[in-house]
Amino acid sequence: MKFTATTLAVVAIAAAFGSANAGLSTCSKKIALQLTNIYENGDTNIHDGRGYTAGIAGFCTGTADAWEVIKKYHKATGGKDVFSKYDGVLKKYADTESGSTAGLSGYCSTWEKLGKSDAKFRSAQDSIRDSMYFNPSQNLADKLGAKLDVTRAQLYDTTIQHGEGSDPDSVGALIKKTSSSFKADAKGSGHNVDEIVWLNKFLKVRIADLTNPHNKETQKEWAKSITRVKSYQYVVAQKQYKWGSTIKALNNDGKQVAR
């Protein structure tokens, strides 16, 4: 299984582990989503400059994705529902990327209640999670040519936390840094490495970024979140490369859980 790095517009340097891509099965995707949910569904306000965090993908009021969920829900309800009173504030915080929570009293309890009782609201979350995070992460995996479930799931988890944008802490930047760490081939056109070797390096690069991110506003909280990466290191160490109905991973406390 070989890897070749090539120049791409989005990530600058990506990898190809082969010509055939192998997307996550429905079962493997469910495991990937469950793993990320473990790490995302903690405190609703972790003081990372992103406002309130809630929902199946940790949608934040300060990064626009929560507002995208609410807009999607509005379309399903006809535009008038319990979230309508927050529209002005949510739009403002999304536009300005503000971490403020002023004007959002009751927001989290409303989200939690609807998340348990309203199928339309859950569907809105699923839709935005896939369009903003899961699908882009799998497109990156396709460009890399990743064949292993653990690699594709890790790229999803990274996209959720680091974002898909072009900033130095983004998933694209981490991919570029990982790929460029390998020696170019004789023609200087690529980098040859086994997929697991590449993934192990990527996990180390991600931990380094979490403990010392370019965006210092996130540093304190991100440094506390490295267990989510160590969980994937544990999965790799157990040689759980391709997933069936369940895998063993680590939770936020570093304890083994089955998913």
# chains A, B, ... in the order shown; residues from 1 in each chain; ligands from 1
call {"tool": "residues_around", "arguments": {"residues": "Asp95 of chain A", "least_positions_apart": "6", "cutoff": "9 Å", "atoms": "only C-alpha atoms", "output": "list in words"}}
result
Gly62, Thr63 and Ala64 of chain A
call {"tool": "write_last_selection", "arguments": {"atoms": "N, CA, C and O atoms", "output": "PDB file, in the first residue's frame"}}
result
ATOM      1  N   GLY A  62     -20.613  30.385  17.616  1.00  0.00           N
ATOM      2  CA  GLY A  62     -19.626  31.346  17.144  1.00  0.00           C
ATOM      3  C   GLY A  62     -18.908  30.947  15.866  1.00  0.00           C
ATOM      4  O   GLY A  62     -18.002  31.650  15.425  1.00  0.00           O
ATOM      5  N   THR A  63     -19.312  29.812  15.255  1.00  0.00           N
ATOM      6  CA  THR A  63     -18.630  29.378  14.026  1.00  0.00           C
ATOM      7  C   THR A  63     -19.600  29.142  12.874  1.00  0.00           C
ATOM      8  O   THR A  63     -19.226  28.537  11.870  1.00  0.00           O
ATOM      9  N   ALA A  64     -20.825  29.577  13.020  1.00  0.00           N
ATOM     10  CA  ALA A  64     -21.840  29.568  11.950  1.00  0.00           C
ATOM     11  C   ALA A  64     -22.539  28.227  11.760  1.00  0.00           C
ATOM     12  O   ALA A  64     -23.659  28.193  11.233  1.00  0.00           O
TER      13      ALA A  64
END
call {"tool": "select_by_dssp", "arguments": {"residues": "segment 14-247 of chain A", "states": "helix (DSSP H, G or I)", "output": "PDB file with C-alpha atoms, in the first residue's frame"}}
result
ATOM      1  CA  THR A  26     -23.008   2.517   6.818  1.00  0.00           C
ATOM      2  CA  CYS A  27     -21.876   0.595   9.877  1.00  0.00           C
ATOM      3  CA  SER A  28     -18.383   2.098   9.886  1.00  0.00           C
ATOM      4  CA  LYS A  29     -19.795   5.597   9.433  1.00  0.00           C
ATOM      5  CA  LYS A  30     -22.035   5.030  12.459  1.00  0.00           C
ATOM      6  CA  ILE A  31     -19.002   4.059  14.539  1.00  0.00           C
ATOM      7  CA  ALA A  32     -17.081   7.120  13.322  1.00  0.00           C
ATOM      8  CA  LEU A  33     -19.983   9.400  14.234  1.00  0.00           C
ATOM      9  CA  GLN A  34     -20.357   7.768  17.654  1.00  0.00           C
ATOM     10  CA  LEU A  35     -16.667   8.219  18.419  1.00  0.00           C
ATOM     11  CA  THR A  36     -16.736  11.905  17.574  1.00  0.00           C
ATOM     12  CA  ASN A  37     -19.954  12.336  19.558  1.00  0.00           C
ATOM     13  CA  ILE A  38     -18.111  11.089  22.652  1.00  0.00           C
ATOM     14  CA  TYR A  39     -15.611  13.923  22.371  1.00  0.00           C
ATOM     15  CA  GLU A  40     -17.956  16.668  21.182  1.00  0.00           C
ATOM     16  CA  ASP A  65     -22.610  25.836  11.895  1.00  0.00           C
ATOM     17  CA  ALA A  66     -25.209  26.116  14.690  1.00  0.00           C
ATOM     18  CA  TRP A  67     -26.905  28.884  12.703  1.00  0.00           C
ATOM     19  CA  GLU A  68     -26.888  26.633   9.634  1.00  0.00           C
ATOM     20  CA  VAL A  69     -28.685  23.930  11.645  1.00  0.00           C
ATOM     21  CA  ILE A  70     -31.300  26.404  12.858  1.00  0.00           C
ATOM     22  CA  LYS A  71     -31.901  27.699   9.319  1.00  0.00           C
ATOM     23  CA  LYS A  72     -32.300  24.130   8.094  1.00  0.00           C
ATOM     24  CA  TYR A  73     -34.778  23.470  10.886  1.00  0.00           C
ATOM     25  CA  HIS A  74     -36.700  26.634  10.039  1.00  0.00           C
ATOM     26  CA  LYS A  75     -37.190  25.320   6.498  1.00  0.00           C
ATOM     27  CA  ALA A  76     -38.683  22.137   7.918  1.00  0.00           C
ATOM     28  CA  THR A  77     -41.018  23.979  10.297  1.00  0.00           C
ATOM     29  CA  SER A  84     -36.995  31.862  15.975  1.00  0.00           C
ATOM     30  CA  LYS A  85     -36.448  34.220  18.894  1.00  0.00           C
ATOM     31  CA  TYR A  86     -32.700  33.618  18.659  1.00  0.00           C
ATOM     32  CA  ASP A  87     -32.383  34.276  14.934  1.00  0.00           C
ATOM     33  CA  GLY A  88     -31.023  37.805  15.120  1.00  0.00           C
ATOM     34  CA  VAL A  89     -28.411  36.950  17.736  1.00  0.00           C
ATOM     35  CA  LEU A  90     -27.355  33.696  16.068  1.00  0.00           C
ATOM     36  CA  LYS A  91     -26.940  35.380  12.692  1.00  0.00           C
ATOM     37  CA  LYS A  92     -24.915  38.175  14.253  1.00  0.00           C
ATOM     38  CA  TYR A  93     -22.596  35.774  16.083  1.00  0.00           C
ATOM     39  CA  ALA A  94     -22.226  33.602  12.984  1.00  0.00           C
ATOM     40  CA  ASP A  95     -21.350  36.613  10.807  1.00  0.00           C
ATOM     41  CA  THR A  96     -18.861  38.024  13.312  1.00  0.00           C
ATOM     42  CA  TYR A 107     -30.803  28.185  24.017  1.00  0.00           C
ATOM     43  CA  CYS A 108     -29.016  25.065  25.262  1.00  0.00           C
ATOM     44  CA  SER A 109     -32.013  23.618  27.091  1.00  0.00           C
ATOM     45  CA  THR A 110     -34.151  24.223  23.998  1.00  0.00           C
ATOM     46  CA  TRP A 111     -31.601  22.450  21.829  1.00  0.00           C
ATOM     47  CA  GLU A 112     -31.386  19.513  24.226  1.00  0.00           C
ATOM     48  CA  LYS A 113     -35.160  19.131  24.437  1.00  0.00           C
ATOM     49  CA  LEU A 114     -35.706  19.208  20.679  1.00  0.00           C
ATOM     50  CA  GLY A 115     -32.748  16.916  20.097  1.00  0.00           C
ATOM     51  CA  LYS A 116     -34.576  14.257  22.070  1.00  0.00           C
ATOM     52  CA  SER A 117     -38.124  14.858  20.860  1.00  0.00           C
ATOM     53  CA  ALA A 119     -37.264  14.236  14.347  1.00  0.00           C
ATOM     54  CA  LYS A 120     -37.131  17.314  12.108  1.00  0.00           C
ATOM     55  CA  PHE A 121     -34.511  18.891  14.335  1.00  0.00           C
ATOM     56  CA  ARG A 122     -32.417  15.734  14.402  1.00  0.00           C
ATOM     57  CA  SER A 123     -32.690  15.549  10.616  1.00  0.00           C
ATOM     58  CA  ALA A 124     -31.495  19.155  10.327  1.00  0.00           C
ATOM     59  CA  GLN A 125     -28.446  18.317  12.428  1.00  0.00           C
ATOM     60  CA  ASP A 126     -27.676  15.213  10.347  1.00  0.00           C
ATOM     61  CA  SER A 127     -27.944  17.212   7.130  1.00  0.00           C
ATOM     62  CA  ILE A 128     -25.626  20.021   8.217  1.00  0.00           C
ATOM     63  CA  ARG A 129     -23.133  17.623   9.801  1.00  0.00           C
ATOM     64  CA  ASP A 130     -22.851  15.737   6.528  1.00  0.00           C
ATOM     65  CA  SER A 131     -22.721  18.781   4.260  1.00  0.00           C
ATOM     66  CA  MET A 132     -20.275  20.799   6.361  1.00  0.00           C
ATOM     67  CA  TYR A 133     -18.076  18.104   7.871  1.00  0.00           C
ATOM     68  CA  PHE A 134     -18.585  14.462   6.984  1.00  0.00           C
ATOM     69  CA  ASN A 135     -18.824  14.798   3.204  1.00  0.00           C
ATOM     70  CA  PRO A 136     -15.871  17.245   2.943  1.00  0.00           C
ATOM     71  CA  SER A 137     -13.774  14.962   5.135  1.00  0.00           C
ATOM     72  CA  GLN A 138     -14.529  12.007   2.909  1.00  0.00           C
ATOM     73  CA  ASN A 139     -13.686  14.055  -0.166  1.00  0.00           C
ATOM     74  CA  LEU A 140     -10.279  14.673   1.406  1.00  0.00           C
ATOM     75  CA  ALA A 141     -10.012  10.949   2.116  1.00  0.00           C
ATOM     76  CA  ASP A 142     -10.835  10.264  -1.536  1.00  0.00           C
ATOM     77  CA  LYS A 143      -8.100  12.642  -2.682  1.00  0.00           C
ATOM     78  CA  LEU A 144      -5.721  10.879  -0.340  1.00  0.00           C
ATOM     79  CA  ASP A 149     -11.839   2.994   7.956  1.00  0.00           C
ATOM     80  CA  VAL A 150      -9.613   4.311  10.735  1.00  0.00           C
ATOM     81  CA  THR A 151      -7.999   6.874   8.396  1.00  0.00           C
ATOM     82  CA  ARG A 152     -11.291   8.062   6.939  1.00  0.00           C
ATOM     83  CA  ALA A 153     -12.903   8.323  10.376  1.00  0.00           C
ATOM     84  CA  GLN A 154      -9.925  10.237  11.764  1.00  0.00           C
ATOM     85  CA  LEU A 155     -10.177  12.766   8.941  1.00  0.00           C
ATOM     86  CA  TYR A 156     -13.845  13.281   9.842  1.00  0.00           C
ATOM     87  CA  ASP A 157     -13.017  13.816  13.518  1.00  0.00           C
ATOM     88  CA  THR A 158     -10.259  16.259  12.588  1.00  0.00           C
ATOM     89  CA  THR A 159     -12.545  18.188  10.244  1.00  0.00           C
ATOM     90  CA  ILE A 160     -15.127  18.519  13.021  1.00  0.00           C
ATOM     91  CA  GLN A 161     -12.632  19.997  15.483  1.00  0.00           C
ATOM     92  CA  HIS A 162     -10.164  21.839  13.256  1.00  0.00           C
ATOM     93  CA  VAL A 171      -7.419  19.715   8.600  1.00  0.00           C
ATOM     94  CA  GLY A 172      -5.915  20.743   5.257  1.00  0.00           C
ATOM     95  CA  ALA A 173      -2.932  22.341   6.960  1.00  0.00           C
ATOM     96  CA  LEU A 174      -2.374  19.225   9.066  1.00  0.00           C
ATOM     97  CA  ILE A 175      -2.534  17.010   5.980  1.00  0.00           C
ATOM     98  CA  LYS A 176      -0.006  19.239   4.211  1.00  0.00           C
ATOM     99  CA  LYS A 177       2.362  19.198   7.181  1.00  0.00           C
ATOM    100  CA  THR A 178       2.097  15.422   7.507  1.00  0.00           C
ATOM    101  CA  SER A 179       2.671  14.711   3.827  1.00  0.00           C
ATOM    102  CA  SER A 180       5.573  17.126   3.510  1.00  0.00           C
ATOM    103  CA  GLU A 195      -1.110   4.384   4.860  1.00  0.00           C
ATOM    104  CA  ILE A 196      -0.740   3.449   8.539  1.00  0.00           C
ATOM    105  CA  VAL A 197       2.720   5.049   8.671  1.00  0.00           C
ATOM    106  CA  TRP A 198       1.166   8.220   7.259  1.00  0.00           C
ATOM    107  CA  LEU A 199      -1.761   8.059   9.699  1.00  0.00           C
ATOM    108  CA  ASN A 200       0.511   7.612  12.714  1.00  0.00           C
ATOM    109  CA  LYS A 201       2.445  10.707  11.648  1.00  0.00           C
ATOM    110  CA  PHE A 202      -0.800  12.622  11.093  1.00  0.00           C
ATOM    111  CA  LEU A 203      -1.981  11.778  14.613  1.00  0.00           C
ATOM    112  CA  LYS A 204       1.285  13.104  16.056  1.00  0.00           C
ATOM    113  CA  VAL A 205       0.970  16.273  13.972  1.00  0.00           C
ATOM    114  CA  ARG A 206      -2.576  16.772  15.213  1.00  0.00           C
ATOM    115  CA  ILE A 207      -1.595  16.352  18.870  1.00  0.00           C
ATOM    116  CA  ALA A 208       1.183  18.900  18.389  1.00  0.00           C
ATOM    117  CA  ASP A 209      -1.329  21.338  16.913  1.00  0.00           C
ATOM    118  CA  LEU A 210      -3.845  20.774  19.719  1.00  0.00           C
ATOM    119  CA  THR A 211      -1.222  21.482  22.369  1.00  0.00           C
ATOM    120  CA  LYS A 216      -4.046  30.721  20.923  1.00  0.00           C
ATOM    121  CA  GLU A 217      -7.656  31.377  21.929  1.00  0.00           C
ATOM    122  CA  THR A 218      -8.308  27.652  21.632  1.00  0.00           C
ATOM    123  CA  GLN A 219      -5.052  26.443  23.219  1.00  0.00           C
ATOM    124  CA  LYS A 220      -6.222  25.837  26.784  1.00  0.00           C
ATOM    125  CA  GLU A 221      -9.244  23.779  25.820  1.00  0.00           C
ATOM    126  CA  TRP A 222      -7.672  22.071  22.824  1.00  0.00           C
ATOM    127  CA  ALA A 223      -4.775  20.881  24.984  1.00  0.00           C
ATOM    128  CA  THR A 227      -7.478  12.066  24.384  1.00  0.00           C
ATOM    129  CA  ARG A 228      -9.649  12.007  21.258  1.00  0.00           C
ATOM    130  CA  VAL A 229      -6.468  11.634  19.200  1.00  0.00           C
ATOM    131  CA  LYS A 230      -4.908   9.170  21.623  1.00  0.00           C
ATOM    132  CA  SER A 231      -8.072   7.120  21.205  1.00  0.00           C
ATOM    133  CA  TYR A 232      -7.297   6.776  17.510  1.00  0.00           C
ATOM    134  CA  GLN A 233      -3.697   5.928  18.347  1.00  0.00           C
ATOM    135  CA  TYR A 234      -5.109   3.174  20.552  1.00  0.00           C
ATOM    136  CA  VAL A 235      -7.342   1.954  17.713  1.00  0.00           C
ATOM    137  CA  VAL A 236      -4.334   1.833  15.377  1.00  0.00           C
ATOM    138  CA  ALA A 237      -2.183   0.075  17.986  1.00  0.00           C
TER     139      ALA A 237
END
call {"tool": "atom_distance", "arguments": {"atom1": "atom CA of Ile226 of chain A", "atom2": "atom CA of Ser25 of chain A"}}
result
26.6 Å
call {"tool": "select_by_dssp", "arguments": {"residues": "segment 53-255 of chain A", "states": "strand (DSSP E)", "output": "number ranges by chain"}}
result
A: 53-54, 59-60, 248-250
call {"tool": "write_last_selection", "arguments": {"atoms": "N, CA, C and O atoms", "output": "mmCIF file, in the first residue's frame"}}
result
data_model
loop_
_atom_site.group_PDB
_atom_site.id
_atom_site.type_symbol
_atom_site.label_atom_id
_atom_site.label_comp_id
_atom_site.auth_asym_id
_atom_site.auth_seq_id
_atom_site.Cartn_x
_atom_site.Cartn_y
_atom_site.Cartn_z
ATOM 1 N N THR A 53 -21.673 25.226 22.481
ATOM 2 C CA THR A 53 -21.466 24.035 21.661
ATOM 3 C C THR A 53 -22.559 23.030 21.985
ATOM 4 O O THR A 53 -22.775 22.715 23.153
ATOM 5 N N ALA A 54 -23.235 22.536 20.953
ATOM 6 C CA ALA A 54 -24.340 21.607 21.205
ATOM 7 C C ALA A 54 -24.576 20.713 20.002
ATOM 8 O O ALA A 54 -24.173 21.027 18.880
ATOM 9 N N PHE A 59 -22.065 21.629 17.256
ATOM 10 C CA PHE A 59 -22.326 22.858 16.499
ATOM 11 C C PHE A 59 -22.171 24.078 17.405
ATOM 12 O O PHE A 59 -22.734 24.131 18.500
ATOM 13 N N CYS A 60 -21.423 25.067 16.932
ATOM 14 C CA CYS A 60 -21.087 26.228 17.764
ATOM 15 C C CYS A 60 -21.786 27.502 17.295
ATOM 16 O O CYS A 60 -21.873 27.760 16.092
ATOM 17 N N LYS A 248 -13.037 -1.171 19.698
ATOM 18 C CA LYS A 248 -12.684 -0.713 21.035
ATOM 19 C C LYS A 248 -11.871 0.562 20.903
ATOM 20 O O LYS A 248 -10.893 0.617 20.153
ATOM 21 N N ALA A 249 -12.296 1.600 21.636
ATOM 22 C CA ALA A 249 -11.618 2.890 21.594
ATOM 23 C C ALA A 249 -11.527 3.432 23.024
ATOM 24 O O ALA A 249 -11.793 2.706 23.985
ATOM 25 N N LEU A 250 -11.139 4.700 23.156
ATOM 26 C CA LEU A 250 -11.033 5.332 24.461
ATOM 27 C C LEU A 250 -12.012 6.489 24.568
ATOM 28 O O LEU A 250 -12.253 7.199 23.599
#
call {"tool": "atom_distance", "arguments": {"atom1": "atom CA of Gly55 of chain A", "atom2": "atom CA of Gly106 of chain A"}}
result
14.8 Å
call {"tool": "atom_distance", "arguments": {"atom1": "atom CA of Leu24 of chain A", "atom2": "atom CA of Asn252 of chain A"}}
result
23.9 Å
